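Trainee: This is the structure, below, for whatever I ask next.
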Amino acid sequence: MKSDLRTFKNAAWLGWQMEANWTDPFLFATYSIVKPLAGTLILVFMYLVIIETSGSGMEMADSPYFTYMFIGNAFYMYAAEVLFGVTWVIHDDREHYMTLKQVYIAPINFYAYVLGRAAIKIAITTVGVLITLVFGVLALGVGIDLGSVDWPFFIISLIVGLACICILGLALGGISFLTAKHGEGINEGIAGVFYVLSGVVFPITALPTWAQSVSKVLPVTYWMEALRRGLSPDAMDQLKASYPYDVTGLGGFDNVFLMLVLVVSSVIFFVLSLGIFRYADLIARRKGKIDWTSAY
Amino acid sequence: MSDTWLMRNLRAVNGRAYPRIIGSKREPSWLFFDIVLPLLTVAAYAYIYKFNNAQEQFIGYVVLGGAMTAFWLNILWSMASQLYWEKEIGNLQLYLMAPISRMSILAGMAVGGLFFTTLRATSTLVIGIVVFSVAFTLSNPLMILVIFVVTMIALYGMGMMFASLYLLFGREAYHMSNLMMEPVYFASGFYFPVKYLGFWAAAGASAIPITLGLDALRQLFFAAGSGDAFLPVETEAAILCVLSVVFVFLAKYSLDYMERLGKTSGRLTLRWQ
């Protein structure tokens, strides 16, 4: 256990060095702020255009949907970045730095190494998420009132959801052992599916019925809903009241049920991911792919 | 300019374009990801407009913008970063030693990249049109062609210029490309008309050729597009022509500068920095 913690800590330190040592701290801070904000501003301006062309005279800050979209987009950064970060460890160490074989044969817990590298990705993404949320609240009037936040529910949902994403990343990392050129595509594809089907920036009821059925088996759908209910319960209540039907598609589920779904799906993914990772690891060893490079 | 020199450089263009064209056939699964991934973003943004009952043409703008992201990604990852990667894998010194203009290497990369990116962007566009039942109009196909061609010349000229500059960035190249994705999608109005940024912001963003190219294509493809236009199509075509000349000139200048600097500092082919 002590050895695993040391591996985790050193892997996190290594991850930080790799993420941040290419430039000076000021440029790195700018880079870390500009990228998430620009992604968010695309949605902000899309919504501004919708309001302006609809002629409704509505203010963006008054719209519970805007808060719904903004929070979903901010926390989706975790899904995209952490999923990518975990998987990219395998590809980057093997293809770019060519150090995977040394790490692999070292007397350390390989899972602790991968999760340590992912931890720094979570830390950097957390900065992006916080900056985005603060910008949203201060500059755009996003409906988050710190006094009405359901902190226990929000924090537990955040931790369980992040664990679920890391576990999923582990499975994709296993697949990366066996692929030379598809790691990035698979990552972005899975993250993209979550973006469309998990009610990140629009409620799943906007989707066709068959797609809503898929949405309801994805843990990220419940994660997003739980985070919004925890962080902005008032806006979520307003949104529900603005539509004559169950607009989120998850209105019938209470907070306990959402949490239960998250925990159960994390356990299921944990078992599946470990199975996939171990199987891929075995095949990679048999086929000599641990130190495989393909110039991609 | 002798025939030999010209032929040698044309062969260099052909030779550098060849792996890009043939490469897309060798890994068909890449084609799947290149077409499907932009469609996921397009779908998400289209559903935002749909859910909010936005005007019909906005879904079309998203489909068009999503297709055009292929060109910007190609500029960043296959043009701008390319010379840096060539340096990392040891090809750059071969290019520098070869008795050809460096511009023909960059032109070959641009031609090859443009070919397969156009195929991918067209596929994304067609699938997007079918899935979201977007009503495109083709009232002035000649102007559409002119706008597309000048936009691509200016855009790939910019990519050629970046290729030299990225060599100076070293390890920062990867991060620079990463940094120039979302901010440019935002500033260039890939998913909403750029005029809504306000005149001065849109004017500043027009230094990126795809901003005006997209704005003009939106006007030509959609009946309601002129209502969301930043500038008239003819003005945008004229500005894009100027940008084409400027970027190709700057590409040549920065390539010469980079080569001169590399020779004096001796770091042009040094890896891992």
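Going through the structure tokens in order, the chains are called A, B, and so on, while each chain numbers its residues from 1 and the ligands are numbered from 1 in the order shown.
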Identify all chain A residues at most 10 Å from chain B by counting only C-alpha atoms; ligands do not count. Present them as a count of residues only.
Mentor: 58
Trainee: Can you tell me, as a PyMOL selection string, what residues are no more than 10 Å from region 161-174 of chain A when counting only C-alpha atoms, ignoring any on the same chain fewer than 6 positions away?
Mentor: chain A and resi 78-91+111+114-115+118-119+122+155+183+186-187+190+219-220+222-224+226-227+259+262-282+284
Trainee: Just want the 8 Å neighbourhood of Ala154 (chain B), counted on only C-alpha atoms, with same-chain residues fewer than 4 positions away dropped. Output as a list in words.
Mentor: Val150, Met158, Pro209, Leu240, Cys241, Leu243, Ser244, Val245, Phe247 and Val248 of chain B
Trainee: Would you pick out the contacts of Leu83 (chain B) at 7 Å or less, using only C-alpha atoms, so that residues sharing its chain but fewer than 2 positions from it are not included, and give the list as an MDAnalysis selection string?
Mentor: chainID B and resid 81 85:87 92 163 167
Trainee: Write the residues of the selection above to a file with N, CA and C atoms, as an mmCIF file, in the first residue's frame.
Mentor:
data_model
loop_
_atom_site.group_PDB
_atom_site.id
_atom_site.type_symbol
_atom_site.label_atom_id
_atom_site.label_comp_id
_atom_site.auth_asym_id
_atom_site.auth_seq_id
_atom_site.Cartn_x
_atom_site.Cartn_y
_atom_site.Cartn_z
ATOM 1 N N SER B 81 2.169 21.758 -37.507
ATOM 2 C CA SER B 81 3.022 20.919 -36.660
ATOM 3 C C SER B 81 3.956 20.028 -37.460
ATOM 4 N N TRP B 85 7.373 17.822 -36.423
ATOM 5 C CA TRP B 85 7.377 16.359 -36.322
ATOM 6 C C TRP B 85 8.402 15.722 -37.259
ATOM 7 N N GLU B 86 8.566 16.357 -38.425
ATOM 8 C CA GLU B 86 9.578 15.847 -39.371
ATOM 9 C C GLU B 86 10.960 15.947 -38.719
ATOM 10 N N LYS B 87 11.159 17.019 -37.967
ATOM 11 C CA LYS B 87 12.430 17.180 -37.260
ATOM 12 C C LYS B 87 12.588 16.081 -36.208
ATOM 13 N N LEU B 92 13.598 16.135 -41.444
ATOM 14 C CA LEU B 92 13.795 17.540 -41.793
ATOM 15 C C LEU B 92 15.152 17.780 -42.453
ATOM 16 N N ALA B 163 3.977 26.480 -40.154
ATOM 17 C CA ALA B 163 4.901 25.333 -40.142
ATOM 18 C C ALA B 163 6.304 25.790 -39.764
ATOM 19 N N LEU B 167 8.462 25.463 -35.790
ATOM 20 C CA LEU B 167 9.801 24.908 -35.593
ATOM 21 C C LEU B 167 10.532 25.671 -34.499
#
Trainee: Can you check which residues of region 220-268 of chain B DSSP gives as alpha helix (DSSP H) on the backbone and send them as an mmCIF file with C-alpha atoms, in the first residue's frame?
Mentor:
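Output file states_33.cif follows:
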data_model
loop_
_atom_site.group_PDB
_atom_site.id
_atom_site.type_symbol
_atom_site.label_atom_id
_atom_site.label_comp_id
_atom_site.auth_asym_id
_atom_site.auth_seq_id
_atom_site.Cartn_x
_atom_site.Cartn_y
_atom_site.Cartn_z
ATOM 1 C CA LEU B 220 -24.277 31.495 -50.568
ATOM 2 C CA PHE B 221 -25.627 28.224 -49.177
ATOM 3 C CA VAL B 233 -19.749 38.181 -50.341
ATOM 4 C CA GLU B 234 -17.826 40.250 -52.912
ATOM 5 C CA THR B 235 -15.995 42.199 -50.195
ATOM 6 C CA GLU B 236 -15.110 38.981 -48.403
ATOM 7 C CA ALA B 237 -13.823 37.448 -51.669
ATOM 8 C CA ALA B 238 -11.594 40.495 -52.239
ATOM 9 C CA ILE B 239 -10.202 40.370 -48.688
ATOM 10 C CA LEU B 240 -9.558 36.633 -49.017
ATOM 11 C CA CYS B 241 -7.598 37.270 -52.253
ATOM 12 C CA VAL B 242 -5.416 39.772 -50.392
ATOM 13 C CA LEU B 243 -4.951 37.346 -47.474
ATOM 14 C CA SER B 244 -3.897 34.606 -49.926
ATOM 15 C CA VAL B 245 -1.073 36.742 -51.294
ATOM 16 C CA VAL B 246 -0.024 37.962 -47.841
ATOM 17 C CA PHE B 247 0.092 34.499 -46.259
ATOM 18 C CA VAL B 248 1.991 32.850 -49.121
ATOM 19 C CA PHE B 249 4.526 35.703 -48.999
ATOM 20 C CA LEU B 250 4.818 35.425 -45.208
ATOM 21 C CA ALA B 251 5.217 31.652 -45.505
ATOM 22 C CA LYS B 252 8.210 32.118 -47.818
ATOM 23 C CA TYR B 253 9.685 34.798 -45.561
ATOM 24 C CA SER B 254 9.307 32.782 -42.347
ATOM 25 C CA LEU B 255 10.682 29.652 -44.003
ATOM 26 C CA ASP B 256 13.810 31.527 -45.082
ATOM 27 C CA TYR B 257 14.112 33.090 -41.625
ATOM 28 C CA MET B 258 13.759 29.741 -39.898
ATOM 29 C CA GLU B 259 16.376 28.168 -42.168
ATOM 30 C CA ARG B 260 18.814 31.038 -41.653
ATOM 31 C CA LEU B 261 18.314 30.918 -37.904
ATOM 32 C CA GLY B 262 18.731 27.164 -37.858
ATOM 33 C CA LYS B 263 21.995 27.349 -39.757
ATOM 34 C CA THR B 264 23.469 30.003 -37.484
ATOM 35 C CA SER B 265 22.316 28.410 -34.212
#
Trainee: CA of Asn255 (chain A) and CA of Ser198 (chain A), how far apart in Å?
Mentor: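 Rounded to one decimal, the two atoms are 17.2 Å apart.
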Trainee: What gap, in Å, lies between CA of Met68 (chain B) and CA of Ala216 (chain B)?
Mentor: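 Separation of CA of Met68 (chain B) and CA of Ala216 (chain B): 12.8 Å.
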